[in-house]
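Enquirer: The file below is upload-v3.pdb, PDB, C-alpha atoms:
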```pdb
ATOM      1  CA  MET A   1     136.435 117.593  85.853  1.00  0.00           C
ATOM      2  CA  THR A   2     134.127 116.596  88.662  1.00  0.00           C
ATOM      3  CA  ASP A   3     135.836 116.235  92.021  1.00  0.00           C
ATOM      4  CA  LEU A   4     134.823 112.969  93.699  1.00  0.00           C
ATOM      5  CA  SER A   5     137.289 113.190  96.594  1.00  0.00           C
ATOM      6  CA  ALA A   6     134.520 113.732  99.170  1.00  0.00           C
ATOM      7  CA  PHE A   7     132.905 110.386  98.313  1.00  0.00           C
ATOM      8  CA  ALA A   8     134.004 107.653 100.721  1.00  0.00           C
ATOM      9  CA  PHE A   9     133.999 104.334  98.877  1.00  0.00           C
ATOM     10  CA  ASN A  10     134.206 101.241 101.055  1.00  0.00           C
ATOM     11  CA  ALA A  11     136.900  98.558 100.980  1.00  0.00           C
ATOM     12  CA  ASP A  12     135.194  97.032  97.926  1.00  0.00           C
ATOM     13  CA  GLY A  13     135.241 100.383  96.144  1.00  0.00           C
ATOM     14  CA  LEU A  14     131.494 100.835  96.567  1.00  0.00           C
ATOM     15  CA  ILE A  15     129.162 103.416  98.083  1.00  0.00           C
ATOM     16  CA  PRO A  16     125.449 102.932  98.775  1.00  0.00           C
ATOM     17  CA  ALA A  17     122.990 105.105  96.872  1.00  0.00           C
ATOM     18  CA  ILE A  18     119.355 105.734  97.779  1.00  0.00           C
ATOM     19  CA  ALA A  19     116.967 106.739  94.994  1.00  0.00           C
ATOM     20  CA  GLN A  20     114.089 109.035  95.909  1.00  0.00           C
ATOM     21  CA  GLN A  21     111.400 110.288  93.531  1.00  0.00           C
ATOM     22  CA  HIS A  22     112.169 114.009  93.454  1.00  0.00           C
ATOM     23  CA  ASP A  23     108.622 115.375  93.595  1.00  0.00           C
ATOM     24  CA  THR A  24     106.680 112.888  95.711  1.00  0.00           C
ATOM     25  CA  GLY A  25     109.499 112.054  98.147  1.00  0.00           C
ATOM     26  CA  GLU A  26     108.902 108.325  97.755  1.00  0.00           C
ATOM     27  CA  VAL A  27     111.993 106.238  98.485  1.00  0.00           C
ATOM     28  CA  LEU A  28     112.239 103.915  95.484  1.00  0.00           C
ATOM     29  CA  MET A  29     115.255 101.690  96.018  1.00  0.00           C
ATOM     30  CA  ALA A  30     118.784 101.406  97.352  1.00  0.00           C
ATOM     31  CA  ALA A  31     121.748 100.023  95.447  1.00  0.00           C
ATOM     32  CA  TRP A  32     125.497 100.474  95.083  1.00  0.00           C
ATOM     33  CA  MET A  33     127.766 102.582  92.926  1.00  0.00           C
ATOM     34  CA  ASN A  34     131.449 102.288  92.202  1.00  0.00           C
ATOM     35  CA  ARG A  35     133.510 105.278  91.083  1.00  0.00           C
ATOM     36  CA  GLU A  36     132.793 104.603  87.428  1.00  0.00           C
ATOM     37  CA  ALA A  37     129.026 104.325  87.964  1.00  0.00           C
ATOM     38  CA  LEU A  38     129.017 107.571  89.932  1.00  0.00           C
ATOM     39  CA  ALA A  39     131.032 109.407  87.291  1.00  0.00           C
ATOM     40  CA  GLU A  40     128.795 108.109  84.509  1.00  0.00           C
ATOM     41  CA  THR A  41     125.639 109.095  86.403  1.00  0.00           C
ATOM     42  CA  LEU A  42     126.935 112.634  86.873  1.00  0.00           C
ATOM     43  CA  ALA A  43     128.125 112.888  83.287  1.00  0.00           C
ATOM     44  CA  THR A  44     125.008 111.542  81.589  1.00  0.00           C
ATOM     45  CA  GLY A  45     122.198 112.408  84.009  1.00  0.00           C
ATOM     46  CA  ARG A  46     120.969 108.822  83.719  1.00  0.00           C
ATOM     47  CA  VAL A  47     121.401 106.790  86.891  1.00  0.00           C
ATOM     48  CA  CYS A  48     123.950 103.993  86.659  1.00  0.00           C
ATOM     49  CA  TYR A  49     124.623 101.609  89.562  1.00  0.00           C
ATOM     50  CA  TYR A  50     127.119  98.816  90.071  1.00  0.00           C
ATOM     51  CA  SER A  51     125.643  95.331  90.223  1.00  0.00           C
ATOM     52  CA  ARG A  52     127.439  93.274  92.842  1.00  0.00           C
ATOM     53  CA  SER A  53     125.907  90.031  91.563  1.00  0.00           C
ATOM     54  CA  ARG A  54     126.860  90.683  87.929  1.00  0.00           C
ATOM     55  CA  GLN A  55     130.040  92.603  88.860  1.00  0.00           C
ATOM     56  CA  ALA A  56     129.277  95.110  86.150  1.00  0.00           C
ATOM     57  CA  LEU A  57     127.827  98.557  85.605  1.00  0.00           C
ATOM     58  CA  TRP A  58     124.063  98.506  85.816  1.00  0.00           C
ATOM     59  CA  ARG A  59     122.458 101.226  83.752  1.00  0.00           C
ATOM     60  CA  LYS A  60     119.081 101.352  85.426  1.00  0.00           C
ATOM     61  CA  GLY A  61     116.386 100.536  82.929  1.00  0.00           C
ATOM     62  CA  GLU A  62     118.650  99.299  80.133  1.00  0.00           C
ATOM     63  CA  THR A  63     116.795  95.969  80.105  1.00  0.00           C
ATOM     64  CA  SER A  64     113.430  96.959  81.580  1.00  0.00           C
ATOM     65  CA  GLY A  65     113.075 100.453  80.136  1.00  0.00           C
ATOM     66  CA  GLN A  66     112.380 101.743  83.654  1.00  0.00           C
ATOM     67  CA  THR A  67     115.060 104.436  83.685  1.00  0.00           C
ATOM     68  CA  GLN A  68     115.959 106.982  86.334  1.00  0.00           C
ATOM     69  CA  THR A  69     116.783 110.523  85.297  1.00  0.00           C
ATOM     70  CA  LEU A  70     118.972 112.313  87.815  1.00  0.00           C
ATOM     71  CA  ILE A  71     117.533 115.538  89.189  1.00  0.00           C
ATOM     72  CA  GLU A  72     120.076 116.099  91.965  1.00  0.00           C
ATOM     73  CA  LEU A  73     122.788 114.087  93.685  1.00  0.00           C
ATOM     74  CA  ARG A  74     123.402 114.647  97.384  1.00  0.00           C
ATOM     75  CA  LEU A  75     126.036 113.317  99.773  1.00  0.00           C
ATOM     76  CA  ASP A  76     125.725 112.795 103.501  1.00  0.00           C
ATOM     77  CA  CYS A  77     127.815 114.310 106.279  1.00  0.00           C
ATOM     78  CA  ASP A  78     130.426 111.578 106.433  1.00  0.00           C
ATOM     79  CA  GLY A  79     130.518 111.087 102.689  1.00  0.00           C
ATOM     80  CA  ASP A  80     129.583 107.428 102.724  1.00  0.00           C
ATOM     81  CA  THR A  81     125.997 107.466 101.428  1.00  0.00           C
ATOM     82  CA  ILE A  82     124.533 109.078  98.316  1.00  0.00           C
ATOM     83  CA  LEU A  83     120.967 110.328  97.945  1.00  0.00           C
ATOM     84  CA  LEU A  84     119.744 110.482  94.360  1.00  0.00           C
ATOM     85  CA  LEU A  85     116.752 112.654  93.602  1.00  0.00           C
ATOM     86  CA  VAL A  86     115.417 111.109  90.430  1.00  0.00           C
ATOM     87  CA  ASN A  87     112.555 111.008  88.032  1.00  0.00           C
ATOM     88  CA  GLN A  88     111.613 107.350  87.775  1.00  0.00           C
ATOM     89  CA  THR A  89     110.046 106.113  84.562  1.00  0.00           C
ATOM     90  CA  GLY A  90     107.386 103.528  85.411  1.00  0.00           C
ATOM     91  CA  VAL A  91     108.467 101.325  88.284  1.00  0.00           C
ATOM     92  CA  ALA A  92     111.730 101.017  90.207  1.00  0.00           C
ATOM     93  CA  CYS A  93     111.355  97.446  91.471  1.00  0.00           C
ATOM     94  CA  HIS A  94     112.078  94.317  89.461  1.00  0.00           C
ATOM     95  CA  THR A  95     108.826  92.880  90.869  1.00  0.00           C
ATOM     96  CA  GLY A  96     106.893  95.518  88.903  1.00  0.00           C
ATOM     97  CA  ARG A  97     106.154  97.665  91.933  1.00  0.00           C
ATOM     98  CA  ARG A  98     106.780 101.376  92.025  1.00  0.00           C
ATOM     99  CA  THR A  99     109.126 101.029  95.030  1.00  0.00           C
ATOM    100  CA  CYS A 100     111.261  98.178  96.320  1.00  0.00           C
ATOM    101  CA  PHE A 101     110.080  98.966  99.874  1.00  0.00           C
ATOM    102  CA  PHE A 102     106.684  97.299  99.530  1.00  0.00           C
ATOM    103  CA  ARG A 103     106.759  95.253 102.745  1.00  0.00           C
ATOM    104  CA  ALA A 104     105.992  96.750 106.134  1.00  0.00           C
ATOM    105  CA  MET A 105     106.378  95.237 109.584  1.00  0.00           C
ATOM    106  CA  ARG A 106     102.982  95.222 111.266  1.00  0.00           C
ATOM    107  CA  ASP A 107     102.144  93.335 114.441  1.00  0.00           C
ATOM    108  CA  GLY A 108     105.386  91.410 114.231  1.00  0.00           C
ATOM    109  CA  GLU A 109     105.150  90.285 110.642  1.00  0.00           C
ATOM    110  CA  LEU A 110     105.907  91.654 107.207  1.00  0.00           C
ATOM    111  CA  VAL A 111     102.883  92.494 105.119  1.00  0.00           C
ATOM    112  CA  GLU A 112     102.729  93.566 101.501  1.00  0.00           C
ATOM    113  CA  ILE A 113     101.566  97.156 101.183  1.00  0.00           C
ATOM    114  CA  ALA A 114     101.845  97.680  97.412  1.00  0.00           C
ATOM    115  CA  LYS A 115     100.875  95.622  94.386  1.00  0.00           C
ATOM    116  CA  PRO A 116     102.757  95.300  91.099  1.00  0.00           C
ATOM    117  CA  GLU A 117     101.800  97.925  88.537  1.00  0.00           C
ATOM    118  CA  ILE A 118     103.472  96.015  85.716  1.00  0.00           C
ATOM    119  CA  ALA A 119     103.879  92.243  85.387  1.00  0.00           C
ATOM    120  CA  PRO A 120     107.565  91.330  85.847  1.00  0.00           C
ATOM    121  CA  GLU A 121     107.365  89.253  82.645  1.00  0.00           C
ATOM    122  CA  ALA A 122     106.478  92.427  80.769  1.00  0.00           C
ATOM    123  CA  LEU A 123     109.531  94.198  82.202  1.00  0.00           C
ATOM    124  CA  TYR A 124     112.068  91.547  81.207  1.00  0.00           C
ATOM    125  CA  LYS A 125     111.009  90.214  77.859  1.00  0.00           C
TER     126      LYS A 125
ATOM    127  CA  MET B 126     107.973  86.782 118.696  1.00  0.00           C
ATOM    128  CA  THR B 127     108.869  88.898 115.715  1.00  0.00           C
ATOM    129  CA  ASP B 128     110.136  86.916 112.734  1.00  0.00           C
ATOM    130  CA  LEU B 129     113.308  88.484 111.343  1.00  0.00           C
ATOM    131  CA  SER B 130     114.100  85.713 108.846  1.00  0.00           C
ATOM    132  CA  ALA B 131     113.359  87.930 105.839  1.00  0.00           C
ATOM    133  CA  PHE B 132     116.085  90.392 106.840  1.00  0.00           C
ATOM    134  CA  ALA B 133     119.331  89.707 104.995  1.00  0.00           C
ATOM    135  CA  PHE B 134     122.223  90.750 107.208  1.00  0.00           C
ATOM    136  CA  ASN B 135     125.596  91.022 105.469  1.00  0.00           C
ATOM    137  CA  ALA B 136     128.771  89.085 106.306  1.00  0.00           C
ATOM    138  CA  ASP B 137     129.372  91.479 109.217  1.00  0.00           C
ATOM    139  CA  GLY B 138     125.876  90.842 110.564  1.00  0.00           C
ATOM    140  CA  LEU B 139     124.676  94.282 109.502  1.00  0.00           C
ATOM    141  CA  ILE B 140     121.915  95.716 107.334  1.00  0.00           C
ATOM    142  CA  PRO B 141     121.668  99.325 106.133  1.00  0.00           C
ATOM    143  CA  ALA B 142     118.733 101.398 107.352  1.00  0.00           C
ATOM    144  CA  ILE B 143     117.456 104.630 105.816  1.00  0.00           C
ATOM    145  CA  ALA B 144     115.528 107.023 108.048  1.00  0.00           C
ATOM    146  CA  GLN B 145     112.820 109.129 106.424  1.00  0.00           C
ATOM    147  CA  GLN B 146     110.644 111.693 108.169  1.00  0.00           C
ATOM    148  CA  HIS B 147     107.224 110.076 107.916  1.00  0.00           C
ATOM    149  CA  ASP B 148     105.156 113.132 107.043  1.00  0.00           C
ATOM    150  CA  THR B 149     107.444 115.337 104.968  1.00  0.00           C
ATOM    151  CA  GLY B 150     109.257 112.536 103.139  1.00  0.00           C
ATOM    152  CA  GLU B 151     112.641 114.062 103.889  1.00  0.00           C
ATOM    153  CA  VAL B 152     115.448 111.498 103.930  1.00  0.00           C
ATOM    154  CA  LEU B 153     117.265 112.193 107.174  1.00  0.00           C
ATOM    155  CA  MET B 154     120.161 109.764 107.404  1.00  0.00           C
ATOM    156  CA  ALA B 155     121.428 106.281 106.672  1.00  0.00           C
ATOM    157  CA  ALA B 156     123.126 104.001 109.169  1.00  0.00           C
ATOM    158  CA  TRP B 157     123.480 100.327 110.055  1.00  0.00           C
ATOM    159  CA  MET B 158     121.604  97.902 112.274  1.00  0.00           C
ATOM    160  CA  ASN B 159     122.594  94.514 113.596  1.00  0.00           C
ATOM    161  CA  ARG B 160     120.004  91.947 114.628  1.00  0.00           C
ATOM    162  CA  GLU B 161     119.921  93.253 118.194  1.00  0.00           C
ATOM    163  CA  ALA B 162     119.430  96.878 117.118  1.00  0.00           C
ATOM    164  CA  LEU B 163     116.616  95.855 114.784  1.00  0.00           C
ATOM    165  CA  ALA B 164     114.885  93.797 117.461  1.00  0.00           C
ATOM    166  CA  GLU B 165     115.205  96.605 120.002  1.00  0.00           C
ATOM    167  CA  THR B 166     113.842  99.163 117.534  1.00  0.00           C
ATOM    168  CA  LEU B 167     110.803  96.994 116.834  1.00  0.00           C
ATOM    169  CA  ALA B 168     110.256  96.234 120.515  1.00  0.00           C
ATOM    170  CA  THR B 169     110.607  99.774 121.849  1.00  0.00           C
ATOM    171  CA  GLY B 170     109.509 101.974 118.931  1.00  0.00           C
ATOM    172  CA  ARG B 171     112.656 104.046 119.461  1.00  0.00           C
ATOM    173  CA  VAL B 172     115.195 103.743 116.665  1.00  0.00           C
ATOM    174  CA  CYS B 173     118.419 102.001 117.630  1.00  0.00           C
ATOM    175  CA  TYR B 174     121.309 101.579 115.199  1.00  0.00           C
ATOM    176  CA  TYR B 175     124.633  99.777 115.429  1.00  0.00           C
ATOM    177  CA  SER B 176     127.671 102.034 115.482  1.00  0.00           C
ATOM    178  CA  ARG B 177     130.464 100.469 113.450  1.00  0.00           C
ATOM    179  CA  SER B 178     133.043 102.892 114.868  1.00  0.00           C
ATOM    180  CA  ARG B 179     132.067 102.266 118.485  1.00  0.00           C
ATOM    181  CA  GLN B 180     131.063  98.638 117.829  1.00  0.00           C
ATOM    182  CA  ALA B 181     128.064  99.088 120.073  1.00  0.00           C
ATOM    183  CA  LEU B 182     124.335  99.716 119.946  1.00  0.00           C
ATOM    184  CA  TRP B 183     123.584 103.326 119.162  1.00  0.00           C
ATOM    185  CA  ARG B 184     120.297 104.466 120.596  1.00  0.00           C
ATOM    186  CA  LYS B 185     119.678 107.468 118.392  1.00  0.00           C
ATOM    187  CA  GLY B 186     119.477 110.577 120.544  1.00  0.00           C
ATOM    188  CA  GLU B 187     120.733 109.038 123.774  1.00  0.00           C
ATOM    189  CA  THR B 188     123.519 111.638 123.932  1.00  0.00           C
ATOM    190  CA  SER B 189     122.050 114.461 121.851  1.00  0.00           C
ATOM    191  CA  GLY B 190     118.385 114.138 122.787  1.00  0.00           C
ATOM    192  CA  GLN B 191     117.522 114.063 119.064  1.00  0.00           C
ATOM    193  CA  THR B 192     115.544 110.819 119.116  1.00  0.00           C
ATOM    194  CA  GLN B 193     113.707 109.009 116.349  1.00  0.00           C
ATOM    195  CA  THR B 194     110.324 107.474 117.043  1.00  0.00           C
ATOM    196  CA  LEU B 195     109.475 104.634 114.714  1.00  0.00           C
ATOM    197  CA  ILE B 196     106.267 105.050 112.732  1.00  0.00           C
ATOM    198  CA  GLU B 197     106.737 102.131 110.351  1.00  0.00           C
ATOM    199  CA  LEU B 198     109.549  99.794 109.338  1.00  0.00           C
ATOM    200  CA  ARG B 199     109.722  98.610 105.737  1.00  0.00           C
ATOM    201  CA  LEU B 200     111.960  96.109 103.970  1.00  0.00           C
ATOM    202  CA  ASP B 201     112.970  96.095 100.331  1.00  0.00           C
ATOM    203  CA  CYS B 202     112.413  93.365  97.742  1.00  0.00           C
ATOM    204  CA  ASP B 203     115.642  91.489  98.344  1.00  0.00           C
ATOM    205  CA  GLY B 204     115.565  91.983 102.090  1.00  0.00           C
ATOM    206  CA  ASP B 205     118.875  93.779 102.364  1.00  0.00           C
ATOM    207  CA  THR B 206     117.836  97.372 103.063  1.00  0.00           C
ATOM    208  CA  ILE B 207     115.478  98.776 105.690  1.00  0.00           C
ATOM    209  CA  LEU B 208     113.417 101.944 105.347  1.00  0.00           C
ATOM    210  CA  LEU B 209     112.443 103.527 108.657  1.00  0.00           C
ATOM    211  CA  LEU B 210     109.567 105.973 108.653  1.00  0.00           C
ATOM    212  CA  VAL B 211     110.263 108.020 111.740  1.00  0.00           C
ATOM    213  CA  ASN B 212     109.345 111.090 113.654  1.00  0.00           C
ATOM    214  CA  GLN B 213     112.624 112.913 114.212  1.00  0.00           C
ATOM    215  CA  THR B 214     112.956 115.126 117.264  1.00  0.00           C
ATOM    216  CA  GLY B 215     114.984 118.194 116.330  1.00  0.00           C
ATOM    217  CA  VAL B 216     117.799 117.344 113.969  1.00  0.00           C
ATOM    218  CA  ALA B 217     119.118 114.045 112.620  1.00  0.00           C
ATOM    219  CA  CYS B 218     122.666 115.133 111.771  1.00  0.00           C
ATOM    220  CA  HIS B 219     125.532 115.443 114.233  1.00  0.00           C
ATOM    221  CA  THR B 220     126.394 118.746 112.520  1.00  0.00           C
ATOM    222  CA  GLY B 221     123.123 120.202 113.820  1.00  0.00           C
ATOM    223  CA  ARG B 222     121.359 120.023 110.479  1.00  0.00           C
ATOM    224  CA  ARG B 223     117.948 118.483 110.015  1.00  0.00           C
ATOM    225  CA  THR B 224     119.285 115.949 107.494  1.00  0.00           C
ATOM    226  CA  CYS B 225     122.709 114.424 106.913  1.00  0.00           C
ATOM    227  CA  PHE B 226     122.243 114.939 103.151  1.00  0.00           C
ATOM    228  CA  PHE B 227     123.036 118.651 103.170  1.00  0.00           C
ATOM    229  CA  ARG B 228     125.513 118.682 100.291  1.00  0.00           C
ATOM    230  CA  ALA B 229     124.433 118.654  96.647  1.00  0.00           C
ATOM    231  CA  MET B 230     126.512 118.225  93.508  1.00  0.00           C
ATOM    232  CA  ARG B 231     126.030 121.272  91.342  1.00  0.00           C
ATOM    233  CA  ASP B 232     128.166 122.155  88.318  1.00  0.00           C
ATOM    234  CA  GLY B 233     130.709 119.523  89.272  1.00  0.00           C
ATOM    235  CA  GLU B 234     131.174 120.472  92.892  1.00  0.00           C
ATOM    236  CA  LEU B 235     129.486 119.838  96.215  1.00  0.00           C
ATOM    237  CA  VAL B 236     127.677 122.813  97.678  1.00  0.00           C
ATOM    238  CA  GLU B 237     126.036 123.131 101.078  1.00  0.00           C
ATOM    239  CA  ILE B 238     122.266 123.414 100.758  1.00  0.00           C
ATOM    240  CA  ALA B 239     121.250 123.486 104.435  1.00  0.00           C
ATOM    241  CA  LYS B 240     122.521 125.284 107.491  1.00  0.00           C
ATOM    242  CA  PRO B 241     122.753 123.950 111.050  1.00  0.00           C
ATOM    243  CA  GLU B 242     119.613 124.558 113.081  1.00  0.00           C
ATOM    244  CA  ILE B 243     121.370 123.765 116.347  1.00  0.00           C
ATOM    245  CA  ALA B 244     125.037 124.332 117.195  1.00  0.00           C
ATOM    246  CA  PRO B 245     126.826 120.964 117.435  1.00  0.00           C
ATOM    247  CA  GLU B 246     128.267 122.081 120.800  1.00  0.00           C
ATOM    248  CA  ALA B 247     124.715 122.363 122.108  1.00  0.00           C
ATOM    249  CA  LEU B 248     123.942 118.808 120.957  1.00  0.00           C
ATOM    250  CA  TYR B 249     126.904 117.165 122.637  1.00  0.00           C
ATOM    251  CA  LYS B 250     127.419 118.948 125.922  1.00  0.00           C
TER     252      LYS B 250
END
```
Here is a file; write its structure as structure tokens.
Expert:
Amino acid sequence: MTDLSAFAFNADGLIPAIAQQHDTGEVLMAAWMNREALAETLATGRVCYYSRSRQALWRKGETSGQTQTLIELRLDCDGDTILLLVNQTGVACHTGRRTCFFRAMRDGELVEIAKPEIAPEALYK
Amino acid sequence: MTDLSAFAFNADGLIPAIAQQHDTGEVLMAAWMNREALAETLATGRVCYYSRSRQALWRKGETSGQTQTLIELRLDCDGDTILLLVNQTGVACHTGRRTCFFRAMRDGELVEIAKPEIAPEALYK
């Protein structure tokens, strides 16, 4: 039985998780997990988050096919943030971009620094 | 004047920020910013967080000397998480380790995968 006592869930029972592509180091996205999502991720090796808007488990890629395979799960010093080293199939972002962090602040305004690789309509048929 | 309207602060006026070493891709830490910390970071190029425990601005390195210089600030698709590409002086973690994510889940338990590079006593004299 996996011991999750070191994981500090917040008052809503959630903990933030950052997904990073394991080989390139690219930060792909950040989302939330509850205890059940964390346990499922560790048990299956497929990343599962908790969707705050849907209030339900969110098995990454179950609709879009853009799954995340867990390579390693890390926890920070105070136990309140998870780092997921993953292998991302296709794209992480619902906009069809590889990463959700596709806007950068330059000269006081946000500019788009990455284009969609897949049309969002193709992701959510 | 920098436009911060795309940044979605939560009900407590905070937004999570992930710090990544700009050249190696190492994820160093995650913390929170309020609007003031974000504005100061963008204005000065020195990363400033908001400490929830101290309820005050937290100019990274002001006590320890382990500062973060901002290389680029990115925002995710839904505007509720910041990615900071930084140049970290020394170590990011208060334990004296380069990264706060020094524990990995292996065979159902957390194991330490990095040692302190600086004694914590030397950081906080």
Enquirer: Determine, for each residue of chain A having at least one atom at most 9 Å from an atom of chain B, the closest pair of atoms and their separation in Å to one decimal, counting all atoms listed in the file; order by chain and ascending number, as CSV.
Expert:
```
residue,atom,partner,partner_atom,distance
A:Met1,CA,B:Gly233,CA,6.9
A:Thr2,CA,B:Gly233,CA,4.5
A:Asp3,CA,B:Glu234,CA,6.4
A:Leu4,CA,B:Glu234,CA,8.4
A:Ala6,CA,B:Leu235,CA,8.4
A:Ile18,CA,B:Ile143,CA,8.3
A:Gln20,CA,B:Val152,CA,8.5
A:Thr24,CA,B:Gly150,CA,7.9
A:Gly25,CA,B:Gly150,CA,5.0
A:Glu26,CA,B:Gly150,CA,6.8
A:Val27,CA,B:Leu208,CA,8.2
A:Met29,CA,B:Asp201,CA,7.4
A:Ala30,CA,B:Thr206,CA,7.1
A:Ala31,CA,B:Thr206,CA,9.0
A:Leu42,CA,B:Gly233,CA,8.2
A:Glu72,CA,B:Ala229,CA,6.9
A:Leu73,CA,B:Met230,CA,5.6
A:Arg74,CA,B:Ala229,CA,4.2
A:Leu75,CA,B:Phe226,CA,5.3
A:Asp76,CA,B:Phe226,CA,4.1
A:Cys77,CA,B:Cys225,CA,5.1
A:Asp78,CA,B:Cys225,CA,8.2
A:Thr81,CA,B:Ala155,CA,7.1
A:Ile82,CA,B:Phe226,CA,7.9
A:Leu83,CA,B:Phe226,CA,7.1
A:Cys93,CA,B:Cys202,CA,7.6
A:His94,CA,B:Cys202,CA,8.3
A:Thr95,CA,B:Cys202,CA,7.8
A:Thr99,CA,B:Asp201,CA,8.2
A:Cys100,CA,B:Asp201,CA,4.8
A:Phe101,CA,B:Asp201,CA,4.1
A:Phe102,CA,B:Asp201,CA,6.5
A:Arg103,CA,B:Arg199,CA,5.4
A:Ala104,CA,B:Arg199,CA,4.2
A:Met105,CA,B:Leu198,CA,5.6
A:Arg106,CA,B:Glu197,CA,7.9
A:Asp107,CA,B:Thr127,CA,8.2
A:Gly108,CA,B:Thr127,CA,4.5
A:Glu109,CA,B:Asp128,CA,6.4
A:Leu110,CA,B:Arg199,CA,8.1
```
Enquirer: Which residues match the PyMOL selection byres ((chain B and resi 180) around 12) in the file above, as a PyMOL selection string?
Expert: chain B and resi 137-139+157-159+162+174-179+181-183
Enquirer: Evaluate the PyMOL selection byres ((chain A and resi 45) around 12) against this structure - the residues, as a PyMOL selection string, please.
Expert: (chain A and resi 37-44+46-48+59-60+67-73+84-87) or (chain B and resi 230)
Enquirer: Output C-alpha atoms for every residue in the selection just made, as a PDB file, keeping the file's coordinate frame.
Expert:
```pdb
ATOM      1  CA  ALA A  37     129.026 104.325  87.964  1.00  0.00           C
ATOM      2  CA  LEU A  38     129.017 107.571  89.932  1.00  0.00           C
ATOM      3  CA  ALA A  39     131.032 109.407  87.291  1.00  0.00           C
ATOM      4  CA  GLU A  40     128.795 108.109  84.509  1.00  0.00           C
ATOM      5  CA  THR A  41     125.639 109.095  86.403  1.00  0.00           C
ATOM      6  CA  LEU A  42     126.935 112.634  86.873  1.00  0.00           C
ATOM      7  CA  ALA A  43     128.125 112.888  83.287  1.00  0.00           C
ATOM      8  CA  THR A  44     125.008 111.542  81.589  1.00  0.00           C
ATOM      9  CA  ARG A  46     120.969 108.822  83.719  1.00  0.00           C
ATOM     10  CA  VAL A  47     121.401 106.790  86.891  1.00  0.00           C
ATOM     11  CA  CYS A  48     123.950 103.993  86.659  1.00  0.00           C
ATOM     12  CA  ARG A  59     122.458 101.226  83.752  1.00  0.00           C
ATOM     13  CA  LYS A  60     119.081 101.352  85.426  1.00  0.00           C
ATOM     14  CA  THR A  67     115.060 104.436  83.685  1.00  0.00           C
ATOM     15  CA  GLN A  68     115.959 106.982  86.334  1.00  0.00           C
ATOM     16  CA  THR A  69     116.783 110.523  85.297  1.00  0.00           C
ATOM     17  CA  LEU A  70     118.972 112.313  87.815  1.00  0.00           C
ATOM     18  CA  ILE A  71     117.533 115.538  89.189  1.00  0.00           C
ATOM     19  CA  GLU A  72     120.076 116.099  91.965  1.00  0.00           C
ATOM     20  CA  LEU A  73     122.788 114.087  93.685  1.00  0.00           C
ATOM     21  CA  LEU A  84     119.744 110.482  94.360  1.00  0.00           C
ATOM     22  CA  LEU A  85     116.752 112.654  93.602  1.00  0.00           C
ATOM     23  CA  VAL A  86     115.417 111.109  90.430  1.00  0.00           C
ATOM     24  CA  ASN A  87     112.555 111.008  88.032  1.00  0.00           C
TER      25      ASN A  87
ATOM     26  CA  MET B 230     126.512 118.225  93.508  1.00  0.00           C
TER      27      MET B 230
END
```
Enquirer: Could you jot down the atom CA of A:Lys115 to atom CA of A:Ala92 separation for me, Å, one decimal place?
Expert: 12.8 Å
Enquirer: Record the distance separating atom CA of B:Ile140 and atom CA of A:Ile118, expressed in Å with one decimal.
Expert: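 Computing the Euclidean distance for atom CA of B:Ile140 and atom CA of A:Ile118 yields 28.4 Å.
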